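Below is the file coords.csv, which contains CSV, C-alpha atoms (C1' of nucleotides).
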```csv
chain,number,residue,atom,x,y,z
Q,1,MET,CA,10.3,-11.2,-6.7
Q,2,SER,CA,11.5,-8.6,-9.2
Q,3,LYS,CA,12.9,-5.3,-8.2
Q,4,ALA,CA,9.9,-3.5,-9.5
Q,5,THR,CA,7.6,-5.7,-7.5
Q,6,GLU,CA,9.6,-5.1,-4.4
Q,7,ILE,CA,9.2,-1.4,-4.8
Q,8,THR,CA,5.5,-1.7,-5.2
Q,9,VAL,CA,5.2,-3.9,-2.1
Q,10,TRP,CA,7.3,-1.6,0.0
Q,11,GLU,CA,5.4,1.5,-1.2
Q,12,SER,CA,2.1,0.0,-0.4
Q,13,VAL,CA,3.3,-1.0,3.1
Q,14,GLN,CA,4.7,2.5,3.6
Q,15,LEU,CA,1.5,4.3,2.4
Q,16,GLU,CA,-0.5,2.0,4.7
Q,17,PHE,CA,1.7,3.0,7.6
Q,18,ILE,CA,1.4,6.6,6.8
Q,19,GLN,CA,-2.4,6.3,6.8
Q,20,LYS,CA,-2.3,4.6,10.2
Q,21,TRP,CA,0.0,7.3,11.5
Q,22,ARG,CA,-2.2,10.0,10.2
Q,23,GLU,CA,-5.3,8.5,11.9
Q,24,LEU,CA,-3.3,8.2,15.1
Q,25,GLY,CA,-2.2,11.8,14.8
Q,26,THR,CA,-5.9,12.8,14.6
Q,27,ALA,CA,-6.5,11.1,17.9
Q,28,TRP,CA,-3.5,12.9,19.4
Q,29,GLY,CA,-4.8,16.3,18.2
Q,30,ILE,CA,-2.1,16.6,15.5
Q,31,PRO,CA,-2.8,18.2,12.1
Q,32,PRO,CA,-3.3,15.4,9.5
Q,33,ALA,CA,-0.6,16.8,7.2
Q,34,MET,CA,1.9,17.0,10.1
Q,35,ALA,CA,1.2,13.4,11.1
Q,36,ALA,CA,1.4,12.2,7.6
Q,37,ILE,CA,4.8,13.8,7.0
Q,38,HIS,CA,6.0,12.4,10.2
Q,39,GLY,CA,4.8,9.0,9.2
Q,40,LEU,CA,6.6,9.3,5.9
Q,41,LEU,CA,9.9,10.4,7.4
Q,42,LEU,CA,9.6,7.7,10.2
Q,43,SER,CA,9.2,5.0,7.6
Q,44,GLN,CA,12.0,6.4,5.4
Q,45,ALA,CA,15.6,5.7,6.2
Q,46,ASP,CA,17.2,8.5,4.2
Q,47,PRO,CA,16.5,12.2,4.2
Q,48,VAL,CA,13.7,13.5,2.1
Q,49,VAL,CA,13.2,16.8,0.2
Q,50,THR,CA,10.2,19.0,0.3
Q,51,ASP,CA,9.1,18.2,-3.2
Q,52,GLU,CA,9.1,14.5,-2.5
Q,53,VAL,CA,6.9,15.1,0.6
Q,54,MET,CA,4.6,17.1,-1.6
Q,55,SER,CA,4.2,14.6,-4.3
Q,56,ILE,CA,4.1,11.5,-2.2
Q,57,LEU,CA,1.5,12.9,0.2
Q,58,SER,CA,-0.3,15.2,-2.3
Q,59,LEU,CA,0.3,18.3,-0.2
Q,60,SER,CA,0.7,21.9,-1.2
Q,61,ARG,CA,4.1,23.5,-0.8
Q,62,GLY,CA,2.8,25.8,1.9
Q,63,SER,CA,1.4,23.0,4.0
Q,64,ALA,CA,4.5,20.8,3.5
Q,65,HIS,CA,6.8,23.6,4.5
Q,66,THR,CA,4.8,24.7,7.6
Q,67,GLN,CA,4.4,21.2,9.0
Q,68,LEU,CA,8.0,20.3,8.4
Q,69,GLN,CA,9.0,23.4,10.3
Q,70,ALA,CA,6.7,22.4,13.1
Q,71,LEU,CA,8.2,18.9,13.2
Q,72,VAL,CA,11.7,20.4,13.4
Q,73,GLU,CA,10.5,22.7,16.1
Q,74,TRP,CA,9.2,19.8,18.1
Q,75,GLY,CA,12.5,18.0,17.6
Q,76,LEU,CA,10.9,15.1,15.9
Q,77,VAL,CA,12.7,15.8,12.6
Q,78,TYR,CA,16.2,17.1,11.8
Q,79,PRO,CA,16.9,19.4,8.9
Q,80,VAL,CA,20.0,18.3,6.9
Q,81,LYS,CA,21.9,20.6,4.7
Q,82,SER,CA,23.2,18.6,1.8
Q,83,LEU,CA,26.5,19.7,0.3
Q,84,GLY,CA,26.6,21.2,-3.1
Q,85,THR,CA,23.0,22.3,-3.1
Q,86,ARG,CA,21.2,24.5,-0.8
Q,87,GLN,CA,18.2,22.3,-0.9
Q,88,MET,CA,17.0,21.2,2.5
Q,89,ARG,CA,16.5,17.6,3.4
Q,90,TYR,CA,14.7,16.1,6.4
Q,91,VAL,CA,15.1,13.0,8.5
Q,92,ALA,CA,13.0,11.8,11.4
Q,93,GLU,CA,14.4,10.9,14.8
Q,94,LYS,CA,13.8,7.1,14.9
Q,95,ASP,CA,14.5,6.4,18.5
Q,96,ALA,CA,11.3,5.8,20.4
Q,97,TRP,CA,12.4,7.3,23.7
Q,98,GLN,CA,13.7,10.4,22.0
Q,99,MET,CA,10.4,10.8,20.1
Q,100,MET,CA,8.4,10.4,23.2
Q,101,SER,CA,10.4,13.0,25.0
Q,102,CYS,CA,9.8,15.5,22.3
Q,103,ILE,CA,6.0,14.9,22.4
Q,104,ALA,CA,5.9,15.0,26.2
Q,105,ARG,CA,7.8,18.2,26.2
Q,106,GLN,CA,5.4,19.7,23.8
Q,107,ARG,CA,2.4,18.6,25.8
Q,108,LYS,CA,3.8,19.9,29.0
Q,109,LYS,CA,4.2,23.3,27.3
Q,110,GLN,CA,0.7,23.3,25.8
Q,111,GLU,CA,-1.3,21.6,28.5
Q,112,LEU,CA,0.4,21.7,31.9
Q,113,ASP,CA,2.0,25.1,31.9
Q,114,PRO,CA,-1.3,27.0,31.2
Q,115,LEU,CA,-2.9,25.0,34.0
Q,116,LEU,CA,-0.1,26.1,36.4
Q,117,ALA,CA,-0.7,29.6,35.3
Q,118,LEU,CA,-4.0,29.6,37.2
Q,119,GLU,CA,-1.9,30.0,40.3
Q,120,ALA,CA,-1.3,33.6,39.4
Q,121,TRP,CA,-5.0,34.1,38.8
Q,122,LYS,CA,-5.8,32.8,42.3
Q,123,GLY,CA,-3.2,35.0,43.7
Q,124,VAL,CA,-5.0,38.1,42.5
Q,125,ARG,CA,-7.8,37.5,45.0
Q,126,SER,CA,-5.7,37.4,48.1
Q,127,GLU,CA,-4.5,40.9,47.2
Q,128,ASN,CA,-8.0,42.1,46.8
Q,129,ALA,CA,-9.0,40.4,50.0
Q,130,VAL,CA,-12.1,38.8,48.6
Q,131,ASP,CA,-13.6,36.7,51.3
Q,132,LEU,CA,-16.8,34.8,50.5
Q,133,ASP,CA,-17.7,31.2,51.2
Q,134,ALA,CA,-18.2,30.4,47.6
Q,135,VAL,CA,-14.9,31.9,46.6
Q,136,ARG,CA,-13.1,30.1,49.4
Q,137,ALA,CA,-14.7,26.8,48.2
Q,138,LEU,CA,-13.5,27.4,44.7
Q,139,ASP,CA,-10.0,28.3,45.9
Q,140,LYS,CA,-9.9,25.0,47.8
Q,141,THR,CA,-10.8,23.0,44.8
Q,142,LEU,CA,-8.3,25.0,42.8
Q,143,ASP,CA,-5.6,24.3,45.4
Q,144,GLY,CA,-6.1,20.6,45.0
Q,145,ILE,CA,-5.9,20.8,41.2
Q,146,LEU,CA,-2.7,23.0,41.4
Q,147,THR,CA,-1.0,20.7,43.9
Q,148,GLN,CA,-1.6,17.8,41.6
Q,149,ALA,CA,-0.6,19.7,38.6
Q,150,ARG,CA,2.7,20.7,40.3
Q,151,ALA,CA,3.3,17.1,41.2
Q,152,VAL,CA,2.8,15.9,37.6
Q,153,ASP,CA,4.9,18.8,36.4
Q,154,GLY,CA,7.7,17.7,38.7
Q,155,VAL,CA,7.7,14.3,37.3
Q,156,PHE,CA,7.8,15.6,33.7
Q,157,GLU,CA,10.6,18.0,34.6
Q,158,ARG,CA,12.6,15.2,36.1
Q,159,VAL,CA,12.0,12.7,33.4
Q,160,LEU,CA,12.7,15.1,30.6
Q,161,SER,CA,15.7,16.8,32.0
Q,162,GLU,CA,17.8,13.7,32.6
Q,163,ASP,CA,20.0,12.7,29.8
Q,164,GLU,CA,20.2,9.4,31.5
Q,165,ARG,CA,17.4,7.1,30.9
Q,166,TRP,CA,17.0,5.8,34.5
Q,167,TRP,CA,13.3,5.9,34.1
Q,168,GLU,CA,13.4,3.7,31.0
Q,169,GLN,CA,14.2,0.8,33.3
Q,170,TRP,CA,11.7,1.9,35.8
Q,171,LEU,CA,9.0,2.0,33.2
Q,172,ILE,CA,9.8,-1.4,31.9
Q,173,ARG,CA,9.9,-2.8,35.4
Q,174,GLY,CA,6.5,-1.3,35.9
Q,175,LEU,CA,5.2,-3.0,32.8
Q,176,ARG,CA,6.4,-6.5,34.0
Q,177,ARG,CA,4.5,-6.3,37.2
Q,178,ASN,CA,1.2,-6.3,35.3
A,179,MET,CA,-20.8,44.4,52.0
A,180,SER,CA,-24.5,43.8,51.1
A,181,LYS,CA,-25.9,40.5,50.1
A,182,ALA,CA,-26.4,41.8,46.5
A,183,THR,CA,-22.8,42.9,46.2
A,184,GLU,CA,-21.6,39.6,47.5
A,185,ILE,CA,-23.5,37.8,44.7
A,186,THR,CA,-22.1,40.1,42.1
A,187,VAL,CA,-18.6,39.7,43.3
A,188,TRP,CA,-18.9,35.9,43.4
A,189,GLU,CA,-20.6,35.8,40.0
A,190,SER,CA,-17.8,37.7,38.4
A,191,VAL,CA,-15.2,35.5,40.0
A,192,GLN,CA,-17.1,32.5,38.8
A,193,LEU,CA,-17.5,33.7,35.3
A,194,GLU,CA,-13.8,34.6,35.1
A,195,PHE,CA,-12.9,31.1,36.3
A,196,ILE,CA,-15.2,29.5,33.7
A,197,GLN,CA,-13.5,31.6,31.0
A,198,LYS,CA,-10.1,30.4,32.2
A,199,TRP,CA,-11.3,26.9,32.3
A,200,ARG,CA,-12.7,27.1,28.8
A,201,GLU,CA,-9.4,28.4,27.5
A,202,LEU,CA,-7.6,25.6,29.3
A,203,GLY,CA,-10.0,23.1,27.8
A,204,THR,CA,-9.1,24.3,24.3
A,205,ALA,CA,-5.4,23.6,25.0
A,206,TRP,CA,-6.5,20.2,26.1
A,207,GLY,CA,-8.5,19.5,23.0
A,208,ILE,CA,-11.8,19.7,24.8
A,209,PRO,CA,-14.9,21.2,23.2
A,210,PRO,CA,-15.4,24.7,24.6
A,211,ALA,CA,-19.0,24.1,25.7
A,212,MET,CA,-17.9,21.0,27.6
A,213,ALA,CA,-15.0,22.8,29.3
A,214,ALA,CA,-17.3,25.7,30.2
A,215,ILE,CA,-19.9,23.4,31.7
A,216,HIS,CA,-17.2,21.6,33.7
A,217,GLY,CA,-15.9,24.9,34.9
A,218,LEU,CA,-19.4,26.0,36.0
A,219,LEU,CA,-20.0,22.8,37.9
A,220,LEU,CA,-16.5,22.7,39.4
A,221,SER,CA,-17.0,26.2,40.8
A,222,GLN,CA,-20.5,25.4,42.0
A,223,ALA,CA,-21.0,23.6,45.3
A,224,ASP,CA,-24.6,22.4,44.7
A,225,PRO,CA,-26.2,20.5,41.8
A,226,VAL,CA,-27.3,22.4,38.7
A,227,VAL,CA,-30.1,21.9,36.3
A,228,THR,CA,-29.8,21.9,32.5
A,229,ASP,CA,-31.7,25.1,32.1
A,230,GLU,CA,-29.3,26.9,34.5
A,231,VAL,CA,-26.4,25.7,32.5
A,232,MET,CA,-28.1,27.0,29.3
A,233,SER,CA,-28.8,30.4,30.7
A,234,ILE,CA,-25.6,31.0,32.6
A,235,LEU,CA,-23.4,29.9,29.7
A,236,SER,CA,-25.7,30.9,26.8
A,237,LEU,CA,-25.8,27.4,25.3
A,238,SER,CA,-28.4,25.7,23.3
A,239,ARG,CA,-30.3,22.8,24.9
A,240,GLY,CA,-28.8,20.4,22.6
A,241,SER,CA,-25.2,21.4,23.3
A,242,ALA,CA,-25.8,21.6,27.1
A,243,HIS,CA,-27.3,18.1,27.0
A,244,THR,CA,-24.7,16.5,24.9
A,245,GLN,CA,-21.8,17.9,26.8
A,246,LEU,CA,-23.3,17.1,30.2
A,247,GLN,CA,-23.7,13.5,29.0
A,248,ALA,CA,-20.1,13.5,27.9
A,249,LEU,CA,-18.9,14.8,31.3
A,250,VAL,CA,-21.0,12.1,33.0
A,251,GLU,CA,-19.5,9.5,30.6
A,252,TRP,CA,-16.0,10.7,31.5
A,253,GLY,CA,-16.9,10.4,35.2
A,254,LEU,CA,-16.2,14.1,35.9
A,255,VAL,CA,-19.8,14.9,36.7
A,256,TYR,CA,-22.5,12.9,38.6
A,257,PRO,CA,-26.1,13.0,37.6
A,258,VAL,CA,-28.4,13.4,40.7
A,259,LYS,CA,-32.1,12.4,40.6
A,260,SER,CA,-33.9,14.9,42.8
A,261,LEU,CA,-36.9,13.5,44.6
A,262,GLY,CA,-40.4,14.7,43.6
A,263,THR,CA,-39.4,15.9,40.1
A,264,ARG,CA,-37.9,14.0,37.3
A,265,GLN,CA,-35.6,16.9,36.5
A,266,MET,CA,-32.0,15.9,36.4
A,267,ARG,CA,-29.4,17.8,38.3
A,268,TYR,CA,-25.6,17.6,37.9
A,269,VAL,CA,-22.6,18.0,40.3
A,270,ALA,CA,-18.9,17.9,39.5
A,271,GLU,CA,-16.4,15.6,41.2
A,272,LYS,CA,-14.3,18.1,43.1
A,273,ASP,CA,-11.4,15.9,44.2
A,274,ALA,CA,-8.4,16.6,42.1
A,275,TRP,CA,-7.0,13.1,42.1
A,276,GLN,CA,-10.3,11.7,41.1
A,277,MET,CA,-10.6,14.2,38.3
A,278,MET,CA,-7.2,13.5,37.0
A,279,SER,CA,-7.9,9.8,36.9
A,280,CYS,CA,-11.0,10.3,34.8
A,281,ILE,CA,-9.0,12.4,32.3
A,282,ALA,CA,-6.1,10.1,32.2
A,283,ARG,CA,-8.4,7.1,31.6
A,284,GLN,CA,-10.0,8.9,28.8
A,285,ARG,CA,-6.7,9.8,27.2
A,286,LYS,CA,-5.4,6.3,27.5
A,287,LYS,CA,-8.5,5.1,25.6
A,288,GLN,CA,-8.3,7.8,22.9
A,289,GLU,CA,-4.5,8.0,22.5
A,290,LEU,CA,-2.7,5.0,23.8
A,291,ASP,CA,-5.0,2.2,22.8
A,292,PRO,CA,-5.1,3.1,19.1
A,293,LEU,CA,-1.3,3.2,19.2
A,294,LEU,CA,-1.1,-0.2,20.7
A,295,ALA,CA,-3.4,-1.4,18.0
A,296,LEU,CA,-0.6,-1.0,15.5
A,297,GLU,CA,0.8,-4.3,16.9
A,298,ALA,CA,-1.9,-6.1,15.0
A,299,TRP,CA,-1.1,-4.3,11.8
A,300,LYS,CA,2.5,-5.2,12.1
A,301,GLY,CA,1.4,-8.8,12.7
A,302,VAL,CA,-0.3,-9.0,9.4
A,303,ARG,CA,3.1,-8.9,7.6
A,304,SER,CA,4.7,-11.8,9.3
A,305,GLU,CA,1.8,-13.9,8.0
A,306,ASN,CA,2.3,-12.6,4.5
A,307,ALA,CA,6.0,-13.2,4.9
A,308,VAL,CA,7.0,-9.9,3.5
A,309,ASP,CA,10.8,-9.7,3.7
A,310,LEU,CA,12.4,-6.5,2.4
A,311,ASP,CA,15.1,-4.3,4.0
A,312,ALA,CA,12.9,-1.3,4.1
A,313,VAL,CA,10.0,-3.2,5.7
A,314,ARG,CA,12.3,-4.7,8.3
A,315,ALA,CA,13.7,-1.2,9.1
A,316,LEU,CA,10.2,0.1,9.6
A,317,ASP,CA,9.2,-2.8,11.8
A,318,LYS,CA,12.3,-2.2,13.9
A,319,THR,CA,11.3,1.4,14.5
A,320,LEU,CA,7.7,0.3,15.1
A,321,ASP,CA,8.9,-2.2,17.7
A,322,GLY,CA,10.7,0.5,19.6
A,323,ILE,CA,7.6,2.6,19.6
A,324,LEU,CA,5.4,-0.3,20.7
A,325,THR,CA,7.7,-1.3,23.5
A,326,GLN,CA,7.6,2.2,24.8
A,327,ALA,CA,3.8,2.5,24.4
A,328,ARG,CA,3.4,-0.8,26.3
A,329,ALA,CA,5.6,0.5,29.1
A,330,VAL,CA,3.6,3.7,29.4
A,331,ASP,CA,0.4,1.7,29.2
A,332,GLY,CA,1.6,-0.5,32.1
A,333,VAL,CA,2.1,2.6,34.2
A,334,PHE,CA,-1.3,4.0,33.4
A,335,GLU,CA,-3.0,0.7,34.1
A,336,ARG,CA,-1.3,0.4,37.4
A,337,VAL,CA,-1.9,3.9,38.5
A,338,LEU,CA,-5.5,3.9,37.4
A,339,SER,CA,-6.5,0.5,38.7
A,340,GLU,CA,-5.3,1.1,42.3
A,341,ASP,CA,-8.0,2.4,44.6
A,342,GLU,CA,-5.2,3.2,47.0
A,343,ARG,CA,-3.3,6.3,46.2
A,344,TRP,CA,0.1,5.0,46.8
A,345,TRP,CA,1.4,7.0,43.9
A,346,GLU,CA,0.1,10.2,45.3
A,347,GLN,CA,2.8,10.2,47.9
A,348,TRP,CA,5.3,9.0,45.2
A,349,LEU,CA,4.4,12.0,43.0
A,350,ILE,CA,4.7,14.5,45.7
A,351,ARG,CA,8.0,13.1,46.8
A,352,GLY,CA,9.1,13.4,43.2
A,353,LEU,CA,8.1,17.0,43.2
A,354,ARG,CA,10.1,17.9,46.3
A,355,ARG,CA,13.3,16.6,44.8
A,356,ASN,CA,13.2,19.3,42.2
P,357,DA,C1',-55.2,8.0,28.7
P,358,DC,C1',-54.4,12.8,28.4
P,359,DA,C1',-51.5,16.8,29.5
P,360,DT,C1',-47.3,18.4,31.1
P,361,DA,C1',-42.4,18.7,32.1
P,362,DG,C1',-38.4,17.2,31.0
P,363,DT,C1',-35.1,14.6,27.8
P,364,DT,C1',-33.0,13.1,23.6
P,365,DT,C1',-31.9,13.3,18.7
P,366,DC,C1',-30.3,15.0,14.5
P,367,DA,C1',-30.3,17.7,10.0
P,368,DA,C1',-28.8,22.3,9.2
P,369,DT,C1',-25.8,26.0,10.5
P,370,DT,C1',-22.0,28.2,12.5
P,371,DT,C1',-17.3,28.5,13.8
P,372,DA,C1',-12.6,27.3,14.1
P,373,DA,C1',-8.6,24.8,12.1
P,374,DA,C1',-6.0,23.4,8.4
P,375,DA,C1',-4.6,23.5,3.6
P,376,DT,C1',-3.8,25.9,-0.7
P,377,DG,C1',-1.2,28.3,-4.1
P,378,DA,C1',0.5,32.2,-5.8
P,379,DA,C1',3.5,36.1,-4.7
P,380,DA,C1',7.4,37.8,-2.2
P,381,DG,C1',11.7,36.9,-0.2
P,382,DT,C1',16.6,34.9,0.1
P,383,DA,C1',20.7,32.8,-0.9
P,384,DC,C1',23.7,30.6,-4.0
P,385,DT,C1',26.0,30.4,-8.9
P,386,DG,C1',28.2,31.8,-12.8
B,387,DC,C1',25.0,41.6,-10.2
B,388,DA,C1',21.7,39.1,-12.8
B,389,DG,C1',19.5,34.6,-13.0
B,390,DT,C1',18.0,30.7,-11.0
B,391,DA,C1',16.7,27.4,-7.3
B,392,DC,C1',14.7,27.1,-3.4
B,393,DT,C1',12.2,28.9,0.9
B,394,DT,C1',8.9,31.5,3.3
B,395,DT,C1',4.6,34.0,4.0
B,396,DC,C1',-0.2,34.9,4.0
B,397,DA,C1',-4.9,36.1,2.1
B,398,DT,C1',-8.2,32.9,0.5
B,399,DT,C1',-10.5,28.5,0.3
B,400,DT,C1',-11.5,24.0,2.0
B,401,DT,C1',-12.5,20.8,5.5
B,402,DA,C1',-13.7,19.2,9.9
B,403,DA,C1',-15.7,20.0,14.5
B,404,DA,C1',-18.9,22.0,17.4
B,405,DT,C1',-23.3,24.1,18.1
B,406,DT,C1',-28.1,25.1,17.3
B,407,DG,C1',-33.0,24.6,17.6
B,408,DA,C1',-36.9,22.5,16.6
B,409,DA,C1',-39.2,18.0,16.4
B,410,DA,C1',-39.7,13.4,18.4
B,411,DC,C1',-39.6,11.0,22.3
B,412,DT,C1',-40.4,9.4,27.3
B,413,DA,C1',-41.7,9.6,32.0
B,414,DT,C1',-44.7,11.4,35.5
B,415,DG,C1',-48.8,13.1,37.7
B,416,DT,C1',-54.1,13.6,37.6
```
structure tokens encoding of this file:
Amino acid sequence: MSKATEITVWESVQLEFIQKWRELGTAWGIPPAMAAIHGLLLSQADPVVTDEVMSILSLSRGSAHTQLQALVEWGLVYPVKSLGTRQMRYVAEKDAWQMMSCIARQRKKQELDPLLALEAWKGVRSENAVDLDAVRALDKTLDGILTQARAVDGVFERVLSEDERWWEQWLIRGLRRN
Amino acid sequence: MSKATEITVWESVQLEFIQKWRELGTAWGIPPAMAAIHGLLLSQADPVVTDEVMSILSLSRGSAHTQLQALVEWGLVYPVKSLGTRQMRYVAEKDAWQMMSCIARQRKKQELDPLLALEAWKGVRSENAVDLDAVRALDKTLDGILTQARAVDGVFERVLSEDERWWEQWLIRGLRRN
DNA sequence: ACATAGTTTCAATTTAAAATGAAAGTACTG
DNA sequence: CAGTACTTTCATTTTAAATTGAAACTATGT
């Protein structure tokens, strides 16, 4: 197999992967461009420059920039300052556990925290001393939800705060039992 | 406090809750109408009819119908056939643990299963005996991700399959430790 | 089997999210 | 302190998702 053929084979595998990753991203509620860039960087060993992202994925500069920023923000991608040029390069975190932590952290922030914020809303009523059957029933339902949310939050906090990966073993053990 | 005042107070609390729930839904990637209907049913003790949903939330019949179906599909809402009329009524599951299971199940289906499906894609290459450094590197990254995904999947399966709530206690214990 | 009350579907529209691209901003380089 | 090389921003456009509403459909009672 010639060098040129190798490149073609690899590129087709890579583009296929990026496509899969983009579709996956959609299912996860992640903007297509962001998922595609992440797919590109995940499948690429060495750092990549904005213009490469743009040309490989046919994205505008604005979109490439914004989504790269978001990926860095999430901690899924590291910006690397290359010496001699002020051009920024980007590499993806390849470690699966690390990746998952970033995503979990993000989701906690976006989904769990707003739910926990309902606590405050419920609190407003005890001040105003609203006392009706229907309101009490709603508050009871809400209590159940909040208790559960706090429990899940506790697990997230614990799992995400440890530098240790004690839970990695725990998860894998859980898997075996099935 | 007169009966009429009570109703007004309750209604304003309820509408406020529905609004909060709709916003929360948005953060969770749930269509606003679906979240609003769920909020209405969650805060309503007794079954509700499609036309009530429509008028209280100012939704079209089509939307109300489709989203109610989706909620039933998810298991978050039960359809109740009332005797004497063929009109369908709907009640929400109020138990927090039950609710969470439904949502978790849905997410597993939408997010985790597609990820696990990458296994098959990776398999294609061993058949075609593609052997390049770059491909091998990608497959290694992918292996890490898949291992992790399988572990998470195992936990989901286990938690969701038990009728027992052994993990309820476990979660709450986890919370206390923080 | 006709009328009525309710349900379901779906092409067309609306609304919200994401992408574009050009202009403005910033930092390095001689 | 230009001049260039790259980055950032943001008003506009595009695209995708959700909603509408009216027509088709189905079950039920007389």
>> Rounded to one decimal, what separation in Å do you get between CA of Ala242 in chain A and CA of Thr228 in chain A?
In response: 6.7 Å
Per-residue nearest contacts of chain B to chain Q (9 Å; all atoms listed in the file) as a Markdown table:
```
| residue | atom | partner | partner_atom | distance |
| --- | --- | --- | --- | --- |
| B:DA391 | C1' | Q:Gln87 | CA | 8.3 |
| B:DC392 | C1' | Q:Gln87 | CA | 6.4 |
| B:DT393 | C1' | Q:His65 | CA | 8.4 |
| B:DT394 | C1' | Q:His65 | CA | 8.3 |
| B:DT395 | C1' | Q:Gly62 | CA | 8.7 |
```
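At a cut-off of 12 Å from (-39.3, 18.9, 22.4), the residue set is Arg239 and Gly240 of chain A; DT360, DA361, DG362, DT363, DT364 and DT365 of chain P; DG407, DA408, DA409, DA410, DC411 and DT412 of chain B (counting all atoms listed in the file).
Atom pair CA of Gly154 in chain Q / CA of Glu119 in chain Q has a distance of 15.7 Å (rounded to one decimal).
Taking CA of Ser304 in chain A and CA of Gln288 in chain A as endpoints, the distance between them is 27.2 Å.
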>> Could you check which residues have any atom within 8 Å of (-6.8, 28.3, 35.2), counting all atoms listed in the file with coordinates taken straight from the file, and then list them as a ChimeraX atom specification?
In response: /Q:114-119,121 /A:195,198-199,202
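With only C-alpha atoms (C1' of nucleotides) taken into account, the protein and nucleic acid residues at most 9 Å from Thr141 in chain Q (excluding it and anything under 3 positions from it in its own chain) are Q:Arg136, Q:Ala137, Q:Leu138, Q:Gly144, Q:Ile145, Q:Leu146, A:Leu220, A:Ser221, A:Lys272, A:Asp273, A:Ala274.
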C-alpha atoms of the current selection, written as a PDB file, in the coordinates of the input:
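To be explicit, this is the file written out as again02.pdb:
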```pdb
ATOM      1  CA  ARG Q 136     -13.100  30.100  49.400  1.00  0.00           C
ATOM      2  CA  ALA Q 137     -14.700  26.800  48.200  1.00  0.00           C
ATOM      3  CA  LEU Q 138     -13.500  27.400  44.700  1.00  0.00           C
ATOM      4  CA  GLY Q 144      -6.100  20.600  45.000  1.00  0.00           C
ATOM      5  CA  ILE Q 145      -5.900  20.800  41.200  1.00  0.00           C
ATOM      6  CA  LEU Q 146      -2.700  23.000  41.400  1.00  0.00           C
TER       7      LEU Q 146
ATOM      8  CA  LEU A 220     -16.500  22.700  39.400  1.00  0.00           C
ATOM      9  CA  SER A 221     -17.000  26.200  40.800  1.00  0.00           C
ATOM     10  CA  LYS A 272     -14.300  18.100  43.100  1.00  0.00           C
ATOM     11  CA  ASP A 273     -11.400  15.900  44.200  1.00  0.00           C
ATOM     12  CA  ALA A 274      -8.400  16.600  42.100  1.00  0.00           C
TER      13      ALA A 274
END
```
> Taking all atoms listed in the file into account, which residues of chain P are within 10 Å of chain Q, as a PyMOL selection string?
Replying inline: chain P and resi 373-377+383-384
>> Would you pick out the contacts of DA359 in chain P at 12 Å or less, using all atoms listed in the file, so that residues sharing its chain but fewer than 6 positions from it are not included, and give the list as a list in words?
In response: DT414, DG415 and DT416 of chain B
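Among Q:Leu76, Q:Val130, Q:Cys102, Q:Leu71, the residue with the shortest atom-to-atom distance to chain A, counting only C-alpha atoms, is Q:Val130.
Nearest to chain Q of all the residues A:Val302, A:Val231, A:Ile215, A:Val258 is A:Val302, counting only C-alpha atoms.
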> Near Arg105 in chain Q, within 12 Å and counting only C-alpha atoms (C1' of nucleotides), which residues show up once chain neighbours fewer than 5 positions away are dropped, as number ranges by chain?
Replying inline: Q: 73-76, 98-100, 110-113, 153, 155-161
